[in-house]
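Structure data (mmCIF, C-alpha atoms and all ligand atoms) from target-v1.cif:
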```
data_work
#
loop_
_atom_site.label_atom_id
_atom_site.label_comp_id
_atom_site.auth_asym_id
_atom_site.auth_seq_id
_atom_site.Cartn_x
_atom_site.Cartn_y
_atom_site.Cartn_z
CA MET A 39 -16.88 16.02 5.32
CA LYS A 40 -19.30 13.29 6.40
CA THR A 41 -17.30 10.54 8.09
CA ARG A 42 -15.77 8.30 5.49
CA THR A 43 -14.10 4.94 5.97
CA ALA A 44 -10.68 3.79 4.81
CA LEU A 45 -9.08 0.36 4.77
CA VAL A 46 -5.29 0.09 4.95
CA THR A 47 -3.62 -3.28 4.46
CA GLY A 48 -0.37 -3.98 6.30
CA ALA A 49 -1.32 -1.41 8.92
CA ALA A 50 0.49 -2.93 11.93
CA GLN A 51 3.71 -0.99 11.37
CA GLY A 52 5.77 1.01 8.92
CA LEU A 53 4.08 2.89 6.10
CA GLY A 54 0.70 1.26 6.73
CA GLN A 55 0.60 2.53 10.30
CA GLU A 56 1.62 6.02 9.14
CA PHE A 57 -1.13 6.00 6.50
CA ALA A 58 -3.74 4.80 9.00
CA VAL A 59 -2.83 7.60 11.41
CA ALA A 60 -2.82 10.20 8.61
CA LEU A 61 -6.25 9.16 7.33
CA ALA A 62 -7.66 9.20 10.86
CA GLY A 63 -6.21 12.71 11.23
CA ARG A 64 -8.10 13.67 8.08
CA GLY A 65 -11.34 12.52 9.71
CA TYR A 66 -11.59 9.00 8.33
CA ARG A 67 -12.78 6.04 10.31
CA VAL A 68 -9.92 3.59 9.67
CA ALA A 69 -9.76 -0.19 9.46
CA GLY A 70 -6.51 -2.10 9.13
CA LEU A 71 -5.91 -5.62 7.86
CA ASP A 72 -2.61 -7.22 8.79
CA LEU A 73 -1.23 -10.70 9.42
CA GLU A 74 -0.26 -9.36 12.85
CA PRO A 75 -2.31 -7.74 15.62
CA GLN A 76 -1.99 -3.95 15.45
CA PRO A 77 -1.85 -2.60 19.03
CA GLN A 78 0.43 0.33 18.14
CA THR A 79 -1.85 1.46 15.34
CA ALA A 80 -4.94 1.00 17.50
CA ALA A 81 -3.31 3.18 20.16
CA ARG A 82 -2.85 6.01 17.63
CA VAL A 83 -6.18 5.77 15.77
CA ARG A 84 -9.52 6.50 17.43
CA ASP A 85 -12.19 3.78 16.92
CA TYR A 86 -9.72 1.69 14.92
CA VAL A 87 -11.19 -1.45 13.34
CA GLU A 88 -8.49 -4.10 13.70
CA LEU A 89 -8.67 -7.01 11.27
CA VAL A 90 -6.07 -9.74 11.70
CA GLY A 91 -5.55 -12.03 8.73
CA ASP A 92 -4.00 -12.63 5.34
CA ALA A 93 -4.82 -10.09 2.63
CA GLY A 94 -4.00 -12.82 0.11
CA ASP A 95 -6.76 -15.11 1.35
CA PRO A 96 -10.15 -14.55 -0.34
CA GLY A 97 -12.26 -15.77 2.64
CA THR A 98 -10.37 -13.57 5.12
CA VAL A 99 -10.72 -10.56 2.84
CA GLU A 100 -14.47 -11.08 2.33
CA LYS A 101 -15.03 -11.47 6.07
CA GLY A 102 -12.89 -8.42 6.84
CA LEU A 103 -14.81 -6.27 4.38
CA GLN A 104 -18.11 -7.45 5.85
CA ARG A 105 -16.93 -6.46 9.32
CA ILE A 106 -16.01 -2.99 8.09
CA ILE A 107 -19.47 -2.54 6.62
CA ASP A 108 -21.13 -3.90 9.77
CA GLU A 109 -19.14 -1.55 12.02
CA CYS A 110 -18.74 1.53 9.82
CA GLY A 111 -21.64 1.29 7.37
CA ALA A 112 -19.63 2.07 4.23
CA LEU A 113 -16.19 2.03 2.63
CA HIS A 114 -14.61 4.78 0.53
CA VAL A 115 -10.82 4.41 0.45
CA VAL A 116 -8.60 1.34 0.05
CA VAL A 117 -4.85 1.54 0.50
CA ASN A 118 -3.17 -1.61 -0.78
CA ASN A 119 0.02 -1.26 1.24
CA ALA A 120 0.83 -4.76 2.60
CA GLY A 121 3.94 -5.99 0.88
CA VAL A 122 7.14 -7.97 1.18
CA TYR A 123 10.51 -7.08 -0.32
CA PRO A 124 12.98 -9.93 0.07
CA ALA A 125 16.40 -9.55 -1.56
CA LYS A 126 18.17 -12.58 -2.98
CA PRO A 127 20.39 -13.36 -5.97
CA PHE A 128 18.12 -14.20 -8.91
CA GLU A 129 19.76 -17.59 -9.46
CA GLU A 130 18.84 -18.64 -5.91
CA THR A 131 15.22 -17.50 -6.25
CA THR A 132 12.82 -20.43 -5.93
CA LEU A 133 9.33 -20.76 -7.31
CA GLU A 134 8.07 -20.49 -3.72
CA ASP A 135 9.98 -17.19 -3.26
CA TRP A 136 8.47 -15.87 -6.50
CA ARG A 137 4.93 -16.94 -5.62
CA ARG A 138 5.09 -15.48 -2.11
CA VAL A 139 6.07 -12.08 -3.44
CA MET A 140 3.40 -12.18 -6.15
CA ARG A 141 0.76 -13.36 -3.70
CA VAL A 142 1.28 -10.55 -1.20
CA ASN A 143 2.25 -7.70 -3.54
CA LEU A 144 -0.05 -8.34 -6.50
CA GLU A 145 -2.69 -10.97 -5.75
CA ALA A 146 -3.71 -9.43 -2.41
CA PRO A 147 -4.38 -5.99 -3.97
CA PHE A 148 -6.53 -7.74 -6.58
CA LEU A 149 -8.50 -9.66 -3.94
CA VAL A 150 -8.94 -6.69 -1.60
CA THR A 151 -9.92 -4.35 -4.43
CA ARG A 152 -12.37 -6.81 -5.97
CA ALA A 153 -14.03 -7.42 -2.60
CA ALA A 154 -14.15 -3.68 -1.82
CA LEU A 155 -15.48 -2.54 -5.18
CA PRO A 156 -19.21 -3.18 -4.57
CA TYR A 157 -18.98 -1.04 -1.42
CA LEU A 158 -17.08 1.78 -3.15
CA ARG A 159 -19.67 1.69 -5.95
CA ALA A 160 -22.47 1.82 -3.40
CA ALA A 161 -20.82 4.87 -1.83
CA GLY A 162 -20.68 6.51 -5.27
CA TRP A 163 -17.17 7.80 -4.60
CA GLY A 164 -13.90 6.01 -4.00
CA ARG A 165 -10.13 6.10 -3.92
CA ILE A 166 -7.89 3.09 -4.44
CA VAL A 167 -4.21 3.68 -3.66
CA ASN A 168 -1.59 1.06 -4.41
CA ILE A 169 1.84 1.27 -2.80
CA ALA A 170 4.37 0.44 -5.49
CA SER A 171 8.10 1.27 -5.35
CA ALA A 172 10.71 3.36 -7.15
CA ALA A 173 12.62 0.07 -7.33
CA VAL A 174 10.68 -0.48 -10.57
CA LEU A 175 12.91 2.28 -11.99
CA THR A 176 16.21 1.60 -10.21
CA ALA A 177 15.69 -2.17 -10.76
CA PRO A 178 18.04 -3.64 -8.13
CA PRO A 179 19.45 -6.96 -9.40
CA THR A 180 18.66 -8.83 -6.17
CA MET A 181 14.95 -7.96 -6.25
CA VAL A 182 13.68 -9.42 -9.52
CA PRO A 183 10.37 -10.84 -8.16
CA TYR A 184 9.75 -7.65 -6.19
CA VAL A 185 10.32 -5.36 -9.17
CA ALA A 186 8.12 -7.61 -11.33
CA SER A 187 5.35 -7.57 -8.71
CA LYS A 188 5.42 -3.77 -8.31
CA MET A 189 5.48 -3.25 -12.09
CA GLY A 190 2.46 -5.54 -12.16
CA LEU A 191 0.82 -3.38 -9.52
CA ILE A 192 1.42 -0.30 -11.69
CA GLY A 193 -0.22 -2.07 -14.65
CA PHE A 194 -3.09 -3.06 -12.37
CA THR A 195 -3.42 0.59 -11.35
CA ARG A 196 -3.60 1.88 -14.91
CA SER A 197 -6.06 -0.63 -16.26
CA LEU A 198 -8.28 -0.66 -13.17
CA ALA A 199 -8.47 3.15 -13.30
CA ALA A 200 -10.17 2.85 -16.68
CA ALA A 201 -12.43 0.04 -15.47
CA VAL A 202 -13.88 1.95 -12.49
CA ALA A 203 -13.73 5.62 -13.53
CA SER A 204 -17.43 5.72 -14.35
CA TYR A 205 -18.26 4.86 -10.71
CA GLY A 206 -16.49 7.97 -9.39
CA ILE A 207 -13.53 5.91 -8.23
CA THR A 208 -9.90 6.82 -8.89
CA VAL A 209 -6.98 4.41 -8.78
CA ASN A 210 -3.40 5.59 -8.31
CA ALA A 211 -0.06 4.25 -7.17
CA ILE A 212 2.63 5.81 -5.01
CA ALA A 213 6.26 4.80 -5.56
CA PRO A 214 8.52 5.56 -2.58
CA SER A 215 12.30 5.38 -2.43
CA MET A 216 13.82 3.25 0.35
CA VAL A 217 11.93 4.28 3.50
CA ARG A 218 13.16 3.97 7.07
CA THR A 219 10.78 1.35 8.48
CA ALA A 220 11.77 -1.37 10.96
CA THR A 221 11.54 -4.02 8.24
CA ALA A 222 13.68 -2.02 5.80
CA GLU A 223 16.25 -1.33 8.54
CA ARG A 224 16.46 -5.05 9.26
CA THR A 225 16.67 -6.12 5.60
CA VAL A 226 17.37 -4.01 2.49
CA GLY A 227 18.57 -1.00 4.51
CA ALA A 228 21.12 -2.94 6.54
CA ASP A 229 24.80 -3.09 5.54
CA GLY A 230 24.85 0.32 3.89
CA GLY A 231 21.60 -0.06 1.92
CA PHE A 232 20.21 3.28 3.09
CA GLU A 233 23.48 5.10 2.34
CA GLN A 234 23.61 3.61 -1.13
CA VAL A 235 20.04 4.64 -1.99
CA ARG A 236 20.54 8.08 -0.44
CA SER A 237 23.62 8.70 -2.59
CA GLY A 238 21.47 8.18 -5.69
CA GLN A 239 18.79 10.65 -4.54
CA ALA A 240 18.71 14.37 -5.22
CA VAL A 241 17.32 14.81 -1.68
CA GLU A 242 20.25 14.04 0.59
CA ARG A 243 18.52 12.25 3.44
CA THR A 244 16.75 8.97 4.05
CA GLN A 245 13.03 8.93 3.33
CA GLU A 246 10.79 8.60 6.39
CA PRO A 247 7.22 7.20 6.41
CA ALA A 248 5.93 10.74 7.10
CA ASP A 249 7.37 11.85 3.73
CA LEU A 250 4.64 9.85 1.96
CA VAL A 251 1.69 11.29 3.85
CA SER A 252 1.09 14.46 1.85
CA THR A 253 1.00 12.45 -1.39
CA LEU A 254 -1.50 9.97 0.06
CA LEU A 255 -3.74 12.81 1.25
CA TYR A 256 -3.46 14.54 -2.14
CA VAL A 257 -4.48 11.36 -3.96
CA VAL A 258 -7.50 10.73 -1.71
CA ASP A 259 -8.52 14.39 -1.66
CA GLU A 260 -12.05 15.33 -2.76
CA GLY A 261 -10.51 17.61 -5.38
CA SER A 262 -8.40 14.88 -7.01
CA ASP A 263 -11.15 13.45 -9.23
CA PHE A 264 -9.05 14.01 -12.35
CA LEU A 265 -5.98 12.22 -10.99
CA THR A 266 -6.31 8.56 -11.95
CA GLY A 267 -4.23 5.72 -13.38
CA GLN A 268 -1.06 7.51 -12.26
CA THR A 269 2.04 6.44 -10.40
CA LEU A 270 3.37 9.23 -8.20
CA ASN A 271 7.10 8.84 -7.87
CA VAL A 272 7.99 10.14 -4.40
CA SER A 273 11.60 9.04 -4.33
CA GLY A 274 13.63 12.15 -3.59
CA GLY A 275 14.75 12.45 -7.17
CA SER A 276 16.40 9.04 -7.31
CA ALA A 277 14.56 7.71 -10.32
CA TYR A 278 12.41 9.27 -13.02
CA LEU A 279 9.28 7.95 -14.67
N1 LIG B 1 10.17 0.47 3.35
C1 LIG B 1 10.62 0.69 2.14
O1 LIG B 1 11.80 0.99 1.92
C2 LIG B 1 9.68 0.65 0.97
C3 LIG B 1 10.08 1.27 -0.23
C4 LIG B 1 9.22 1.24 -1.33
C5 LIG B 1 8.00 0.60 -1.22
N2 LIG B 1 7.64 0.01 -0.04
C6 LIG B 1 6.37 -0.69 0.02
O2 LIG B 1 5.62 -0.12 1.07
C7 LIG B 1 4.80 -1.13 1.66
C8 LIG B 1 5.03 -1.15 3.17
O3 LIG B 1 6.42 -1.33 3.42
P1 LIG B 1 6.96 -1.27 4.93
O4 LIG B 1 8.42 -1.06 4.87
O5 LIG B 1 6.11 -0.34 5.71
O6 LIG B 1 6.69 -2.77 5.37
P2 LIG B 1 6.51 -3.38 6.86
O7 LIG B 1 7.14 -4.71 6.83
O8 LIG B 1 6.94 -2.39 7.87
O9 LIG B 1 4.94 -3.52 6.98
C9 LIG B 1 4.24 -4.37 6.13
C10 LIG B 1 3.09 -4.96 6.89
O10 LIG B 1 2.37 -5.81 5.99
C11 LIG B 1 1.97 -6.96 6.70
N3 LIG B 1 1.73 -8.06 5.76
C12 LIG B 1 2.65 -8.76 5.06
N4 LIG B 1 2.03 -9.71 4.34
C13 LIG B 1 0.70 -9.59 4.59
C14 LIG B 1 -0.43 -10.30 4.17
N5 LIG B 1 -0.34 -11.33 3.33
N6 LIG B 1 -1.65 -9.92 4.63
C15 LIG B 1 -1.76 -8.89 5.51
N7 LIG B 1 -0.71 -8.18 5.95
C16 LIG B 1 0.51 -8.55 5.51
C17 LIG B 1 3.11 -7.25 7.67
O11 LIG B 1 2.68 -8.05 8.76
C18 LIG B 1 3.53 -5.85 8.08
O12 LIG B 1 2.88 -5.42 9.26
C19 LIG B 1 5.14 -2.44 0.95
O13 LIG B 1 4.22 -2.68 -0.08
C20 LIG B 1 6.51 -2.15 0.37
O14 LIG B 1 6.79 -2.94 -0.77
C21 LIG B 1 8.45 0.03 1.05
#
```
Can you give me the file's structure in the form of structure tokens?
Amino acid sequence: MKTRTALVTGAAQGLGQEFAVALAGRGYRVAGLDLEPQPQTAARVRDYVELVGDAGDPGTVEKGLQRIIDECGALHVVVNNAGVYPAKPFEETTLEDWRRVMRVNLEAPFLVTRAALPYLRAAGWGRIVNIASAAVLTAPPTMVPYVASKMGLIGFTRSLAAAVASYGITVNAIAPSMVRTATAERTVGADGGFEQVRSGQAVERTQEPADLVSTLLYVVDEGSDFLTGQTLNVSGGSAYL
């Protein structure tokens, strides 16, 4: 394969870092966009293009994409992974809480995808992968904005797939269960959260970031041209589409 380029948002840690490393292992030149610097990812990915900024800010996204093109010459894969998953009783949820979740989880994928599209079209081949969540199926009561945002992302995936299919670009979503990342351990996984989710899974262990890699690589594979508009539910049998 001629060297292709992938952009992963939220690549500083957690799933994003795992995806960046996996794509690099598959021969991709990888760029990451995160609010935070990404030294750990850079240490694991050769020739990593580190972009620090907000994926929900149009100017930052445009500039980031331009830098990728300047440094790598082209863009082929976009993984919209940056996301937030705060838990709070619905009645305490403010408009600011709602907007923050929508901005990161839904508006940022729109902005990044829209900015990337001319480059994917120019490449004549592309893969857009949106990281959703099996929470859209289990629907935890304390995560109403989150579930709404990820359902929105699934709708975005389906409709966008139809909009860009003629350019040789596929669009799919991956829906994990609760995954052991540092953020999840600190938040939703604390106080028995992991045990609770695990007890609802057919697979009797906690999901690790590495458990999502084979699905990502399948979705971006050269042979996956006919897989588009889909949400792949990789949740250990905890919820069914
Ligand atoms: N961990 C889980 O249990 C789990 C389960 C299902 C789905 N997901 C989804 O997977 C994705 C990654 O989750 P994670 O646990 O690895 O999260 P994480 O907190 O470990 O990593 C997310 C990264 O995104 C970055 N980020 C946040 N807002 C950003 C913004 N506006 N612009 C750029 N970067 C931003 C953060 O700085 C962070 O480095 C999220 O979309 C999440 O909703 C996670």
Would you compute the distance between atom CA of Ser187 of chain A and atom CA of Tyr256 of chain A? Give it in Å to one decimal.
24.7 Å
Once you add 5 Å to each side, what are the centre and edge lengths of the axis-aligned box holding all listed atoms of ligand LIG 1 (chain B)? One decimal in Å, as lines of an AutoDock Vina configuration file, if you can.
```
center_x = 5.0
center_y = -5.0
center_z = 4.0
size_x = 23.6
size_y = 22.6
size_z = 20.6
```
List the neighbours of segment 122-134 of chain A out to 10 Å using only C-alpha atoms; skip same-chain residues closer than 4 positions along the sequence, and give me the result as JSON, numbers by chain.
{"A": [48, 138, 139, 140, 141, 142, 143, 178, 179, 180, 181, 182, 183, 184, 185, 187, 221, 222, 225, 226]}
Using only C-alpha atoms and all ligand atoms, which protein or nucleic acid residues are at most 6 Å from ligand LIG 1 (chain B), as a VMD selection string?
chain A and resid 47 to 54 71 to 74 91 to 94 119 to 123 142 169 to 171 214 to 222
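Closest approach to Ala199 of chain A among A:Ala240, A:Ala213, A:Ala81, A:Ile166: A:Ile166, based on all atoms listed in the file.
One distance worth recording is that between atom CA of Thr79 of chain A and atom CA of Ala62 of chain A, which is 10.7 Å.
With all atoms listed in the file as the atoms that count, the minimum distance from Ile212 of chain A to the choices A:Asp85, A:Pro77, A:Val117, A:Val68 is reached by A:Val117.
Comparing A:Phe194, A:Trp163, A:Tyr66, A:Tyr278 by their smallest distance to Thr151 of chain A, the closest is A:Phe194 (using all atoms listed in the file).
Relative to atom CA of Phe57 of chain A, atom CA of Gly267 of chain A is found at 20.1 Å.
Closest approach to Ala146 of chain A among A:Leu113, A:Leu191, A:Val87, A:Leu175: A:Leu191, based on all atoms listed in the file.
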Distance query Ser276 of chain A at most 9 Å, all atoms listed in the file, self and fewer than 6 positions along chain excluded, as a PyMOL selection string
chain A and resi 172+175-176+215+235-241
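Residue nearest Ala248 of chain A, chosen from A:Leu103, A:Leu265, A:Val116, A:Val272 and counting only C-alpha atoms: A:Val272.
With distances taken over all atoms listed in the file, A:Val115 is the one residue among A:Val115, A:Leu270, A:Ala203, A:Ile107 lying closest to Ala44 of chain A.
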Supply segment 130-158 of chain A as a PDB file, keeping the file's coordinate frame, with N, CA and C atoms built in where the input has gaps.
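Written out: rebuild.pdb:
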```pdb
ATOM      1  N   GLU A 130      19.252 -17.870  -7.091  1.00  0.00           N
ATOM      2  CA  GLU A 130      18.840 -18.640  -5.910  1.00  0.00           C
ATOM      3  C   GLU A 130      17.334 -18.511  -5.639  1.00  0.00           C
ATOM      4  N   THR A 131      16.649 -17.762  -6.476  1.00  0.00           N
ATOM      5  CA  THR A 131      15.220 -17.500  -6.250  1.00  0.00           C
ATOM      6  C   THR A 131      14.394 -18.722  -6.632  1.00  0.00           C
ATOM      7  N   THR A 132      13.636 -19.238  -5.670  1.00  0.00           N
ATOM      8  CA  THR A 132      12.820 -20.430  -5.930  1.00  0.00           C
ATOM      9  C   THR A 132      11.430 -20.017  -6.405  1.00  0.00           C
ATOM     10  N   LEU A 133      10.713 -21.000  -6.902  1.00  0.00           N
ATOM     11  CA  LEU A 133       9.330 -20.760  -7.310  1.00  0.00           C
ATOM     12  C   LEU A 133       8.494 -20.307  -6.112  1.00  0.00           C
ATOM     13  N   GLU A 134       8.799 -20.882  -4.938  1.00  0.00           N
ATOM     14  CA  GLU A 134       8.070 -20.490  -3.720  1.00  0.00           C
ATOM     15  C   GLU A 134       8.351 -19.037  -3.381  1.00  0.00           C
ATOM     16  N   ASP A 135       9.630 -18.605  -3.516  1.00  0.00           N
ATOM     17  CA  ASP A 135       9.980 -17.190  -3.260  1.00  0.00           C
ATOM     18  C   ASP A 135       9.156 -16.289  -4.196  1.00  0.00           C
ATOM     19  N   TRP A 136       9.164 -16.652  -5.477  1.00  0.00           N
ATOM     20  CA  TRP A 136       8.470 -15.870  -6.500  1.00  0.00           C
ATOM     21  C   TRP A 136       6.974 -15.763  -6.181  1.00  0.00           C
ATOM     22  N   ARG A 137       6.379 -16.927  -5.865  1.00  0.00           N
ATOM     23  CA  ARG A 137       4.930 -16.940  -5.620  1.00  0.00           C
ATOM     24  C   ARG A 137       4.552 -16.169  -4.377  1.00  0.00           C
ATOM     25  N   ARG A 138       5.401 -16.208  -3.343  1.00  0.00           N
ATOM     26  CA  ARG A 138       5.090 -15.480  -2.110  1.00  0.00           C
ATOM     27  C   ARG A 138       5.043 -13.975  -2.389  1.00  0.00           C
ATOM     28  N   VAL A 139       6.030 -13.505  -3.133  1.00  0.00           N
ATOM     29  CA  VAL A 139       6.070 -12.080  -3.440  1.00  0.00           C
ATOM     30  C   VAL A 139       4.855 -11.685  -4.283  1.00  0.00           C
ATOM     31  N   MET A 140       4.544 -12.485  -5.285  1.00  0.00           N
ATOM     32  CA  MET A 140       3.400 -12.180  -6.150  1.00  0.00           C
ATOM     33  C   MET A 140       2.084 -12.227  -5.371  1.00  0.00           C
ATOM     34  N   ARG A 141       2.000 -13.179  -4.471  1.00  0.00           N
ATOM     35  CA  ARG A 141       0.760 -13.360  -3.700  1.00  0.00           C
ATOM     36  C   ARG A 141       0.477 -12.122  -2.834  1.00  0.00           C
ATOM     37  N   VAL A 142       1.498 -11.677  -2.119  1.00  0.00           N
ATOM     38  CA  VAL A 142       1.280 -10.550  -1.200  1.00  0.00           C
ATOM     39  C   VAL A 142       1.203  -9.218  -1.972  1.00  0.00           C
ATOM     40  N   ASN A 143       2.110  -9.032  -2.921  1.00  0.00           N
ATOM     41  CA  ASN A 143       2.250  -7.700  -3.540  1.00  0.00           C
ATOM     42  C   ASN A 143       1.282  -7.455  -4.688  1.00  0.00           C
ATOM     43  N   LEU A 144       0.789  -8.532  -5.309  1.00  0.00           N
ATOM     44  CA  LEU A 144      -0.050  -8.340  -6.500  1.00  0.00           C
ATOM     45  C   LEU A 144      -1.424  -9.017  -6.367  1.00  0.00           C
ATOM     46  N   GLU A 145      -1.410 -10.271  -5.859  1.00  0.00           N
ATOM     47  CA  GLU A 145      -2.690 -10.970  -5.750  1.00  0.00           C
ATOM     48  C   GLU A 145      -3.560 -10.371  -4.639  1.00  0.00           C
ATOM     49  N   ALA A 146      -2.934 -10.020  -3.515  1.00  0.00           N
ATOM     50  CA  ALA A 146      -3.710  -9.430  -2.410  1.00  0.00           C
ATOM     51  C   ALA A 146      -4.392  -8.121  -2.834  1.00  0.00           C
ATOM     52  N   PRO A 147      -3.676  -7.201  -3.499  1.00  0.00           N
ATOM     53  CA  PRO A 147      -4.380  -5.990  -3.970  1.00  0.00           C
ATOM     54  C   PRO A 147      -5.558  -6.311  -4.885  1.00  0.00           C
ATOM     55  N   PHE A 148      -5.408  -7.326  -5.731  1.00  0.00           N
ATOM     56  CA  PHE A 148      -6.530  -7.740  -6.580  1.00  0.00           C
ATOM     57  C   PHE A 148      -7.705  -8.216  -5.725  1.00  0.00           C
ATOM     58  N   LEU A 149      -7.421  -9.093  -4.766  1.00  0.00           N
ATOM     59  CA  LEU A 149      -8.500  -9.660  -3.940  1.00  0.00           C
ATOM     60  C   LEU A 149      -9.189  -8.582  -3.099  1.00  0.00           C
ATOM     61  N   VAL A 150      -8.381  -7.730  -2.478  1.00  0.00           N
ATOM     62  CA  VAL A 150      -8.940  -6.690  -1.600  1.00  0.00           C
ATOM     63  C   VAL A 150      -9.766  -5.703  -2.428  1.00  0.00           C
ATOM     64  N   THR A 151      -9.223  -5.323  -3.580  1.00  0.00           N
ATOM     65  CA  THR A 151      -9.920  -4.350  -4.430  1.00  0.00           C
ATOM     66  C   THR A 151     -11.232  -4.939  -4.961  1.00  0.00           C
ATOM     67  N   ARG A 152     -11.167  -6.176  -5.409  1.00  0.00           N
ATOM     68  CA  ARG A 152     -12.370  -6.810  -5.970  1.00  0.00           C
ATOM     69  C   ARG A 152     -13.463  -6.927  -4.899  1.00  0.00           C
ATOM     70  N   ALA A 153     -13.049  -7.281  -3.689  1.00  0.00           N
ATOM     71  CA  ALA A 153     -14.030  -7.420  -2.600  1.00  0.00           C
ATOM     72  C   ALA A 153     -14.572  -6.050  -2.175  1.00  0.00           C
ATOM     73  N   ALA A 154     -13.735  -5.016  -2.275  1.00  0.00           N
ATOM     74  CA  ALA A 154     -14.150  -3.680  -1.820  1.00  0.00           C
ATOM     75  C   ALA A 154     -15.018  -2.957  -2.850  1.00  0.00           C
ATOM     76  N   LEU A 155     -14.852  -3.317  -4.106  1.00  0.00           N
ATOM     77  CA  LEU A 155     -15.480  -2.540  -5.180  1.00  0.00           C
ATOM     78  C   LEU A 155     -17.004  -2.359  -5.048  1.00  0.00           C
ATOM     79  N   PRO A 156     -17.756  -3.404  -4.712  1.00  0.00           N
ATOM     80  CA  PRO A 156     -19.210  -3.180  -4.570  1.00  0.00           C
ATOM     81  C   PRO A 156     -19.544  -2.112  -3.531  1.00  0.00           C
ATOM     82  N   TYR A 157     -18.720  -2.028  -2.475  1.00  0.00           N
ATOM     83  CA  TYR A 157     -18.980  -1.040  -1.420  1.00  0.00           C
ATOM     84  C   TYR A 157     -18.595   0.367  -1.892  1.00  0.00           C
ATOM     85  N   LEU A 158     -17.482   0.470  -2.617  1.00  0.00           N
ATOM     86  CA  LEU A 158     -17.080   1.780  -3.150  1.00  0.00           C
ATOM     87  C   LEU A 158     -18.138   2.256  -4.157  1.00  0.00           C
TER      88      LEU A 158
END
```
